[in-house]
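K.L.:
One file: my_file14.txt (compact mmCIF, N, CA and C atoms).
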# COMPACT_ATOMS: atom_id res chain seq x y z
N MET Y 1 25.34 -21.45 -18.26
CA MET Y 1 26.18 -20.30 -18.50
C MET Y 1 25.78 -19.57 -19.77
N ASN Y 2 25.39 -20.29 -20.81
CA ASN Y 2 24.93 -19.64 -22.04
C ASN Y 2 23.70 -18.80 -21.80
N THR Y 3 22.82 -19.25 -20.91
CA THR Y 3 21.61 -18.51 -20.60
C THR Y 3 21.95 -17.13 -20.05
N ALA Y 4 22.97 -17.06 -19.21
CA ALA Y 4 23.38 -15.77 -18.64
C ALA Y 4 23.81 -14.81 -19.75
N PHE Y 5 24.53 -15.30 -20.74
CA PHE Y 5 24.95 -14.43 -21.84
C PHE Y 5 23.77 -13.97 -22.68
N ILE Y 6 22.80 -14.84 -22.88
CA ILE Y 6 21.62 -14.47 -23.65
C ILE Y 6 20.84 -13.38 -22.92
N HIS Y 7 20.62 -13.55 -21.62
CA HIS Y 7 19.90 -12.53 -20.85
C HIS Y 7 20.66 -11.21 -20.86
N LEU Y 8 21.97 -11.26 -20.71
CA LEU Y 8 22.77 -10.05 -20.74
C LEU Y 8 22.65 -9.36 -22.09
N GLY Y 9 22.65 -10.14 -23.17
CA GLY Y 9 22.51 -9.58 -24.51
C GLY Y 9 21.19 -8.87 -24.70
N VAL Y 10 20.11 -9.44 -24.19
CA VAL Y 10 18.79 -8.83 -24.30
C VAL Y 10 18.76 -7.52 -23.53
N VAL Y 11 19.35 -7.51 -22.35
CA VAL Y 11 19.40 -6.28 -21.55
C VAL Y 11 20.19 -5.21 -22.28
N LEU Y 12 21.31 -5.57 -22.90
CA LEU Y 12 22.12 -4.59 -23.61
C LEU Y 12 21.38 -4.02 -24.82
N ILE Y 13 20.60 -4.85 -25.52
CA ILE Y 13 19.82 -4.35 -26.64
C ILE Y 13 18.81 -3.32 -26.16
N ALA Y 14 18.15 -3.61 -25.05
CA ALA Y 14 17.13 -2.70 -24.53
C ALA Y 14 17.72 -1.38 -24.08
N GLN Y 15 19.00 -1.35 -23.71
CA GLN Y 15 19.61 -0.13 -23.20
C GLN Y 15 20.24 0.72 -24.30
N GLY Y 16 20.18 0.28 -25.56
CA GLY Y 16 20.77 1.04 -26.65
C GLY Y 16 20.01 2.32 -26.92
N ALA Y 17 20.37 2.99 -27.99
CA ALA Y 17 19.69 4.22 -28.36
C ALA Y 17 18.21 3.94 -28.61
N PRO Y 18 17.32 4.85 -28.22
CA PRO Y 18 15.89 4.62 -28.43
C PRO Y 18 15.55 4.45 -29.91
N LEU Y 19 14.61 3.56 -30.17
CA LEU Y 19 14.08 3.34 -31.51
C LEU Y 19 13.04 4.40 -31.81
N SER Y 20 12.78 4.62 -33.08
CA SER Y 20 11.63 5.43 -33.46
C SER Y 20 10.42 4.51 -33.51
N VAL Y 21 9.25 5.07 -33.40
CA VAL Y 21 8.02 4.28 -33.49
C VAL Y 21 7.95 3.62 -34.87
N SER Y 22 8.32 4.33 -35.91
CA SER Y 22 8.29 3.79 -37.27
C SER Y 22 9.21 2.58 -37.43
N GLU Y 23 10.40 2.66 -36.85
CA GLU Y 23 11.33 1.53 -36.93
C GLU Y 23 10.74 0.31 -36.22
N LEU Y 24 10.13 0.53 -35.08
CA LEU Y 24 9.52 -0.56 -34.32
C LEU Y 24 8.35 -1.19 -35.08
N VAL Y 25 7.42 -0.36 -35.52
CA VAL Y 25 6.22 -0.85 -36.21
C VAL Y 25 6.58 -1.45 -37.58
N GLY Y 26 7.62 -0.93 -38.21
CA GLY Y 26 8.04 -1.45 -39.51
C GLY Y 26 8.77 -2.77 -39.46
N ASN Y 27 9.21 -3.19 -38.27
CA ASN Y 27 9.95 -4.45 -38.11
C ASN Y 27 9.38 -5.26 -36.95
N PRO Y 28 8.08 -5.56 -36.96
CA PRO Y 28 7.48 -6.22 -35.79
C PRO Y 28 8.06 -7.59 -35.47
N ASP Y 29 8.45 -8.35 -36.49
CA ASP Y 29 9.01 -9.69 -36.23
C ASP Y 29 10.37 -9.60 -35.54
N ARG Y 30 11.13 -8.58 -35.86
CA ARG Y 30 12.46 -8.41 -35.25
C ARG Y 30 12.37 -8.09 -33.76
N PHE Y 31 11.34 -7.31 -33.38
CA PHE Y 31 11.24 -6.84 -32.00
C PHE Y 31 10.17 -7.55 -31.17
N ASN Y 32 9.40 -8.45 -31.78
CA ASN Y 32 8.28 -9.08 -31.09
C ASN Y 32 8.71 -9.79 -29.83
N VAL Y 33 8.04 -9.50 -28.73
CA VAL Y 33 8.28 -10.06 -27.40
C VAL Y 33 9.72 -9.80 -26.95
N GLN Y 34 10.22 -8.61 -27.27
CA GLN Y 34 11.57 -8.20 -26.89
C GLN Y 34 11.50 -6.90 -26.09
N PRO Y 35 12.46 -6.69 -25.19
CA PRO Y 35 12.52 -5.39 -24.52
C PRO Y 35 12.96 -4.32 -25.51
N VAL Y 36 12.31 -3.17 -25.46
CA VAL Y 36 12.62 -2.07 -26.37
C VAL Y 36 12.61 -0.75 -25.60
N THR Y 37 13.29 0.23 -26.18
CA THR Y 37 13.23 1.61 -25.71
C THR Y 37 12.84 2.43 -26.93
N VAL Y 38 11.72 3.14 -26.84
CA VAL Y 38 11.15 3.85 -27.98
C VAL Y 38 10.83 5.29 -27.59
N SER Y 39 11.15 6.22 -28.47
CA SER Y 39 10.84 7.63 -28.24
C SER Y 39 9.78 8.10 -29.21
N GLY Y 40 8.93 8.99 -28.74
CA GLY Y 40 7.89 9.54 -29.60
C GLY Y 40 7.06 10.57 -28.86
N ALA Y 41 5.93 10.91 -29.43
CA ALA Y 41 5.01 11.88 -28.84
C ALA Y 41 3.87 11.12 -28.17
N MET Y 42 3.69 11.37 -26.89
CA MET Y 42 2.64 10.71 -26.11
C MET Y 42 1.34 11.51 -26.23
N SER Y 43 0.22 10.77 -26.41
CA SER Y 43 -1.09 11.43 -26.48
C SER Y 43 -2.18 10.45 -26.04
N ASN Y 44 -3.36 10.97 -25.83
CA ASN Y 44 -4.54 10.16 -25.51
C ASN Y 44 -4.37 9.30 -24.26
N LEU Y 45 -3.81 9.88 -23.21
CA LEU Y 45 -3.66 9.13 -21.95
C LEU Y 45 -5.04 8.83 -21.37
N ARG Y 46 -5.25 7.56 -21.03
CA ARG Y 46 -6.52 7.12 -20.45
C ARG Y 46 -6.24 6.27 -19.22
N GLU Y 47 -7.07 6.41 -18.21
CA GLU Y 47 -6.95 5.60 -17.00
C GLU Y 47 -8.08 4.58 -16.99
N HIS Y 48 -7.75 3.34 -16.66
CA HIS Y 48 -8.74 2.27 -16.58
C HIS Y 48 -8.64 1.64 -15.20
N VAL Y 49 -9.78 1.28 -14.62
CA VAL Y 49 -9.79 0.60 -13.33
C VAL Y 49 -10.61 -0.67 -13.50
N SER Y 50 -10.01 -1.82 -13.17
CA SER Y 50 -10.73 -3.09 -13.29
C SER Y 50 -11.75 -3.22 -12.17
N ARG Y 51 -12.59 -4.21 -12.27
CA ARG Y 51 -13.59 -4.47 -11.23
C ARG Y 51 -12.93 -4.76 -9.88
N ARG Y 52 -11.70 -5.25 -9.93
CA ARG Y 52 -10.96 -5.54 -8.70
C ARG Y 52 -10.16 -4.34 -8.20
N GLY Y 53 -10.29 -3.22 -8.89
CA GLY Y 53 -9.61 -2.01 -8.45
C GLY Y 53 -8.19 -1.84 -8.97
N VAL Y 54 -7.77 -2.67 -9.93
CA VAL Y 54 -6.42 -2.57 -10.49
C VAL Y 54 -6.41 -1.45 -11.54
N ARG Y 55 -5.52 -0.49 -11.34
CA ARG Y 55 -5.41 0.62 -12.28
C ARG Y 55 -4.39 0.29 -13.36
N ARG Y 56 -4.70 0.75 -14.57
CA ARG Y 56 -3.74 0.71 -15.66
C ARG Y 56 -3.97 1.94 -16.51
N TYR Y 57 -2.94 2.34 -17.19
CA TYR Y 57 -2.98 3.54 -18.01
C TYR Y 57 -2.62 3.15 -19.44
N THR Y 58 -3.31 3.70 -20.40
CA THR Y 58 -2.99 3.45 -21.79
C THR Y 58 -2.82 4.79 -22.49
N PHE Y 59 -1.96 4.78 -23.50
CA PHE Y 59 -1.77 5.98 -24.31
C PHE Y 59 -1.16 5.60 -25.65
N ASP Y 60 -1.17 6.53 -26.57
CA ASP Y 60 -0.56 6.35 -27.88
C ASP Y 60 0.82 6.99 -27.86
N LEU Y 61 1.78 6.32 -28.49
CA LEU Y 61 3.11 6.88 -28.69
C LEU Y 61 3.32 6.92 -30.19
N SER Y 62 3.57 8.11 -30.74
CA SER Y 62 3.60 8.30 -32.19
C SER Y 62 4.85 9.03 -32.63
N ASP Y 63 5.16 8.85 -33.92
CA ASP Y 63 6.11 9.73 -34.59
C ASP Y 63 5.39 10.30 -35.79
N SER Y 64 6.09 10.79 -36.77
CA SER Y 64 5.42 11.47 -37.89
C SER Y 64 4.57 10.54 -38.75
N SER Y 65 4.78 9.21 -38.65
CA SER Y 65 4.01 8.33 -39.53
C SER Y 65 3.36 7.11 -38.87
N ASP Y 66 3.76 6.71 -37.67
CA ASP Y 66 3.21 5.51 -37.05
C ASP Y 66 2.86 5.74 -35.58
N THR Y 67 2.04 4.83 -35.06
CA THR Y 67 1.60 4.90 -33.66
C THR Y 67 1.67 3.52 -33.05
N VAL Y 68 2.10 3.46 -31.79
CA VAL Y 68 2.09 2.21 -31.03
C VAL Y 68 1.26 2.46 -29.77
N TYR Y 69 0.50 1.46 -29.36
CA TYR Y 69 -0.36 1.52 -28.18
C TYR Y 69 0.49 1.12 -26.97
N VAL Y 70 0.41 1.87 -25.88
CA VAL Y 70 1.22 1.59 -24.69
C VAL Y 70 0.31 1.34 -23.50
N ILE Y 71 0.64 0.31 -22.73
CA ILE Y 71 -0.05 -0.02 -21.48
C ILE Y 71 0.96 0.14 -20.35
N SER Y 72 0.58 0.85 -19.31
CA SER Y 72 1.44 1.04 -18.14
C SER Y 72 0.63 0.77 -16.88
N PHE Y 73 1.21 0.04 -15.94
CA PHE Y 73 0.52 -0.24 -14.68
C PHE Y 73 0.87 0.78 -13.60
N SER Y 74 1.71 1.76 -13.95
CA SER Y 74 1.95 2.88 -13.05
C SER Y 74 1.64 4.16 -13.84
N GLU Y 75 1.20 5.18 -13.12
CA GLU Y 75 0.79 6.41 -13.78
C GLU Y 75 1.99 7.11 -14.41
N PRO Y 76 1.91 7.44 -15.71
CA PRO Y 76 3.02 8.16 -16.34
C PRO Y 76 3.18 9.54 -15.71
N PRO Y 77 4.41 10.05 -15.69
CA PRO Y 77 4.67 11.34 -15.05
C PRO Y 77 4.15 12.54 -15.84
N CYS Y 78 3.65 12.33 -17.06
CA CYS Y 78 3.07 13.42 -17.84
C CYS Y 78 1.86 12.88 -18.59
N ARG Y 79 1.05 13.78 -19.12
CA ARG Y 79 -0.17 13.39 -19.83
C ARG Y 79 0.01 13.42 -21.35
N SER Y 80 0.99 14.18 -21.81
CA SER Y 80 1.23 14.30 -23.25
C SER Y 80 2.61 14.89 -23.48
N GLY Y 81 3.04 14.89 -24.74
CA GLY Y 81 4.32 15.47 -25.11
C GLY Y 81 5.36 14.42 -25.41
N ALA Y 82 6.59 14.86 -25.57
CA ALA Y 82 7.70 13.97 -25.90
C ALA Y 82 7.98 13.02 -24.74
N ALA Y 83 8.15 11.73 -25.06
CA ALA Y 83 8.38 10.73 -24.02
C ALA Y 83 9.22 9.58 -24.57
N THR Y 84 9.86 8.88 -23.66
CA THR Y 84 10.58 7.65 -23.98
C THR Y 84 9.98 6.54 -23.14
N VAL Y 85 9.68 5.42 -23.79
CA VAL Y 85 9.05 4.28 -23.13
C VAL Y 85 10.00 3.09 -23.19
N GLU Y 86 10.22 2.47 -22.03
CA GLU Y 86 10.97 1.22 -21.95
C GLU Y 86 9.99 0.12 -21.57
N GLY Y 87 9.99 -0.96 -22.33
CA GLY Y 87 9.06 -2.04 -22.04
C GLY Y 87 9.20 -3.19 -23.00
N ILE Y 88 8.19 -4.05 -23.02
CA ILE Y 88 8.18 -5.23 -23.88
C ILE Y 88 7.23 -4.98 -25.04
N PHE Y 89 7.74 -5.11 -26.26
CA PHE Y 89 6.95 -4.92 -27.46
C PHE Y 89 6.27 -6.23 -27.85
N GLU Y 90 5.05 -6.10 -28.37
CA GLU Y 90 4.35 -7.28 -28.88
C GLU Y 90 3.46 -6.89 -30.05
N GLN Y 91 3.55 -7.67 -31.12
CA GLN Y 91 2.63 -7.52 -32.24
C GLN Y 91 1.41 -8.37 -31.91
N VAL Y 92 0.28 -7.74 -31.67
CA VAL Y 92 -0.92 -8.43 -31.21
C VAL Y 92 -1.85 -8.66 -32.39
N ASN Y 93 -2.26 -9.91 -32.57
CA ASN Y 93 -3.21 -10.26 -33.62
C ASN Y 93 -4.53 -10.62 -32.96
N ARG Y 94 -5.57 -9.93 -33.35
CA ARG Y 94 -6.90 -10.20 -32.79
C ARG Y 94 -7.88 -10.39 -33.93
N ARG Y 95 -8.77 -11.28 -33.75
CA ARG Y 95 -9.81 -11.53 -34.75
C ARG Y 95 -11.13 -11.03 -34.18
N MET Y 96 -11.58 -9.88 -34.65
CA MET Y 96 -12.83 -9.31 -34.17
C MET Y 96 -14.03 -10.07 -34.74
N ASN Y 97 -13.92 -10.48 -35.99
CA ASN Y 97 -14.93 -11.33 -36.60
C ASN Y 97 -14.25 -12.15 -37.70
N LEU Y 98 -14.94 -13.06 -38.30
CA LEU Y 98 -14.32 -13.96 -39.27
C LEU Y 98 -13.79 -13.26 -40.51
N SER Y 99 -14.40 -12.16 -40.90
CA SER Y 99 -14.00 -11.51 -42.14
C SER Y 99 -12.91 -10.46 -41.98
N SER Y 100 -12.61 -10.02 -40.74
CA SER Y 100 -11.63 -8.94 -40.61
C SER Y 100 -10.67 -9.15 -39.45
N PRO Y 101 -9.62 -9.96 -39.69
CA PRO Y 101 -8.60 -10.06 -38.65
C PRO Y 101 -7.85 -8.73 -38.55
N SER Y 102 -7.38 -8.40 -37.37
CA SER Y 102 -6.63 -7.15 -37.21
C SER Y 102 -5.40 -7.40 -36.36
N SER Y 103 -4.42 -6.54 -36.52
CA SER Y 103 -3.23 -6.61 -35.68
C SER Y 103 -2.80 -5.19 -35.36
N PHE Y 104 -2.13 -5.05 -34.23
CA PHE Y 104 -1.62 -3.75 -33.85
C PHE Y 104 -0.39 -3.94 -32.97
N ALA Y 105 0.39 -2.90 -32.86
CA ALA Y 105 1.62 -2.91 -32.07
C ALA Y 105 1.31 -2.40 -30.68
N GLU Y 106 1.91 -3.05 -29.68
CA GLU Y 106 1.63 -2.72 -28.28
C GLU Y 106 2.91 -2.85 -27.46
N ILE Y 107 3.11 -1.94 -26.53
CA ILE Y 107 4.22 -2.01 -25.59
C ILE Y 107 3.65 -2.06 -24.19
N THR Y 108 4.08 -3.03 -23.40
CA THR Y 108 3.76 -3.03 -21.97
C THR Y 108 4.93 -2.31 -21.30
N ALA Y 109 4.67 -1.11 -20.82
CA ALA Y 109 5.72 -0.23 -20.31
C ALA Y 109 6.19 -0.65 -18.93
N GLN Y 110 7.48 -0.61 -18.75
CA GLN Y 110 8.09 -0.77 -17.43
C GLN Y 110 8.51 0.58 -16.89
N LYS Y 111 8.77 1.53 -17.81
CA LYS Y 111 9.19 2.87 -17.40
C LYS Y 111 8.80 3.86 -18.49
N VAL Y 112 8.25 4.99 -18.07
CA VAL Y 112 7.93 6.09 -18.99
C VAL Y 112 8.67 7.32 -18.50
N THR Y 113 9.46 7.91 -19.38
CA THR Y 113 10.20 9.12 -19.06
C THR Y 113 9.71 10.24 -19.96
N CYS Y 114 9.30 11.32 -19.37
CA CYS Y 114 8.82 12.46 -20.14
C CYS Y 114 9.97 13.43 -20.40
N VAL Y 115 10.00 13.95 -21.61
CA VAL Y 115 11.02 14.92 -22.00
C VAL Y 115 10.40 16.29 -21.79
N PRO Y 116 10.98 17.09 -20.89
CA PRO Y 116 10.34 18.39 -20.58
C PRO Y 116 10.48 19.40 -21.71
N ASP Y 117 9.49 20.29 -21.76
CA ASP Y 117 9.60 21.45 -22.64
C ASP Y 117 10.68 22.34 -22.04
N ARG Y 118 11.15 23.28 -22.80
CA ARG Y 118 12.15 24.20 -22.27
C ARG Y 118 11.61 24.89 -21.04
N GLY Y 119 12.42 24.98 -20.01
CA GLY Y 119 12.02 25.66 -18.79
C GLY Y 119 11.31 24.77 -17.77
N GLN Y 120 11.00 23.51 -18.12
CA GLN Y 120 10.37 22.60 -17.18
C GLN Y 120 11.38 21.55 -16.75
N LYS Y 121 11.16 21.01 -15.55
CA LYS Y 121 12.04 19.95 -15.06
C LYS Y 121 11.50 18.60 -15.49
N ALA Y 122 12.41 17.64 -15.78
CA ALA Y 122 12.01 16.27 -16.13
C ALA Y 122 11.51 15.55 -14.90
N ARG Y 123 10.53 14.64 -15.11
CA ARG Y 123 10.04 13.83 -14.00
C ARG Y 123 10.21 12.37 -14.33
Let me see whether you can do it: turn the structure in this file into structure tokens.
P.N.:
Amino acid sequence: MNTAFIHLGVVLIAQGAPLSVSELVGNPDRFNVQPVTVSGAMSNLREHVSRRGVRRYTFDLSDSSDTVYVISFSEPPCRSGAATVEGIFEQVNRRMNLSSPSSFAEITAQKVTCVPDRGQKAR
């Protein structure tokens, strides 16, 4: 029964007001491996196809000071502009070589919602 309350709590956190990219990137331990909803400016949409034909899309989601990398397995409804991403956040640590470990913020998107410019319909 306690497990049900924990899962419900996680769902409720994810459905709250969207976070800014800066808030997310500034508190990676708080949000690591948690569902998040983040708003920002989408850019650099890229399509990747694996050798097995699996498509995935990556893009940057930014605010005035920070950027988070987003992976989506379904095509986003827009290529750029204001967007809200719902997904799982993860602080990824990678060691490219012995002298320079690196880390970056990443969201595996479950849903991408584009905010239309004036006069356009949302998709």
K.L.:
Please tell me which residues are no farther than 6 Å from (10.9, -6.8, -23.0) in the file, counting all atoms listed in the file, and write them as a list in words.
P.N.:
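Taken together, the residues in range are Val33, Gln34, Pro35, Val36, Gly87, Ile88 and Phe89 of chain Y.
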K.L.:
Determine the nearest neighbour of Tyr57 of chain Y from the options Y:Ser74, Y:Asn32, Y:Ser80, Y:Ser39, counting only C-alpha atoms.
P.N.:
Y:Ser74
K.L.:
If you count all atoms listed in the file, which residues fall within 7 Å of Thr84 of chain Y, apart from same-chain ones fewer than 2 positions away, as a list in words?
P.N.:
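Once the nearby chain positions are removed, what remains is Thr37, Val38, Ser39, Gly40, Ala82, Glu86, Lys111, Val112, Thr113, Cys114 and Val115 of chain Y.
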K.L.:
Just give me the gap between atom C of Cys78 of chain Y and atom C of Glu23 of chain Y in Å, one decimal is fine.
P.N.:
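Computing the Euclidean distance for atom C of Cys78 of chain Y and atom C of Glu23 of chain Y yields 23.4 Å.
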K.L.:
Can you work out the spacing between atom C of Asp60 of chain Y and atom CA of Glu90 of chain Y in Å, to one decimal?
P.N.:
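Separation between atom C of Asp60 of chain Y and atom CA of Glu90 of chain Y: 14.7 Å.
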K.L.:
Could you check how far atom CA of Leu45 of chain Y sits from atom CA of Ala83 of chain Y, in Å to one decimal?
P.N.:
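Computing the Euclidean distance for atom CA of Leu45 of chain Y and atom CA of Ala83 of chain Y yields 12.3 Å.
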K.L.:
Excluding same-chain residues fewer than 2 positions from segment 64-73 of chain Y, what lies within 7 Å of it counting all atoms listed in the file, as a list in words?
P.N.:
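Using all atoms listed in the file, the neighbours found are Val21, Ser22, Arg55, Arg56, Tyr57, Thr58, Phe59, Asp60, Leu61, Ser62, Glu75, Pro76, Phe104, Ala105, Glu106, Ile107, Thr108, Ala109 and Gln110 of chain Y.
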K.L.:
With distances taken over all atoms listed in the file, which residue among Y:Asn93, Y:Arg79, Y:Val85, Y:Pro18 lies nearest Ser43 of chain Y?
P.N.:
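Using all atoms listed in the file, the shortest distance to Ser43 of chain Y belongs to Y:Arg79.
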K.L.:
Using DSSP on the backbone coordinates, identify all residues within segment 6-90 of chain Y classified as helix (DSSP H, G or I); present the result as a PyMOL selection string.
P.N.:
chain Y and resi 6-14+21-26+28-31
K.L.:
Which one is closest to Asp117 of chain Y: Y:Gly81, Y:Ser20, Y:Asn27, Y:Asp63? Count only N, CA and C atoms.
P.N.:
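Using only N, CA and C atoms, Asp117 of chain Y sits closest to Y:Gly81.
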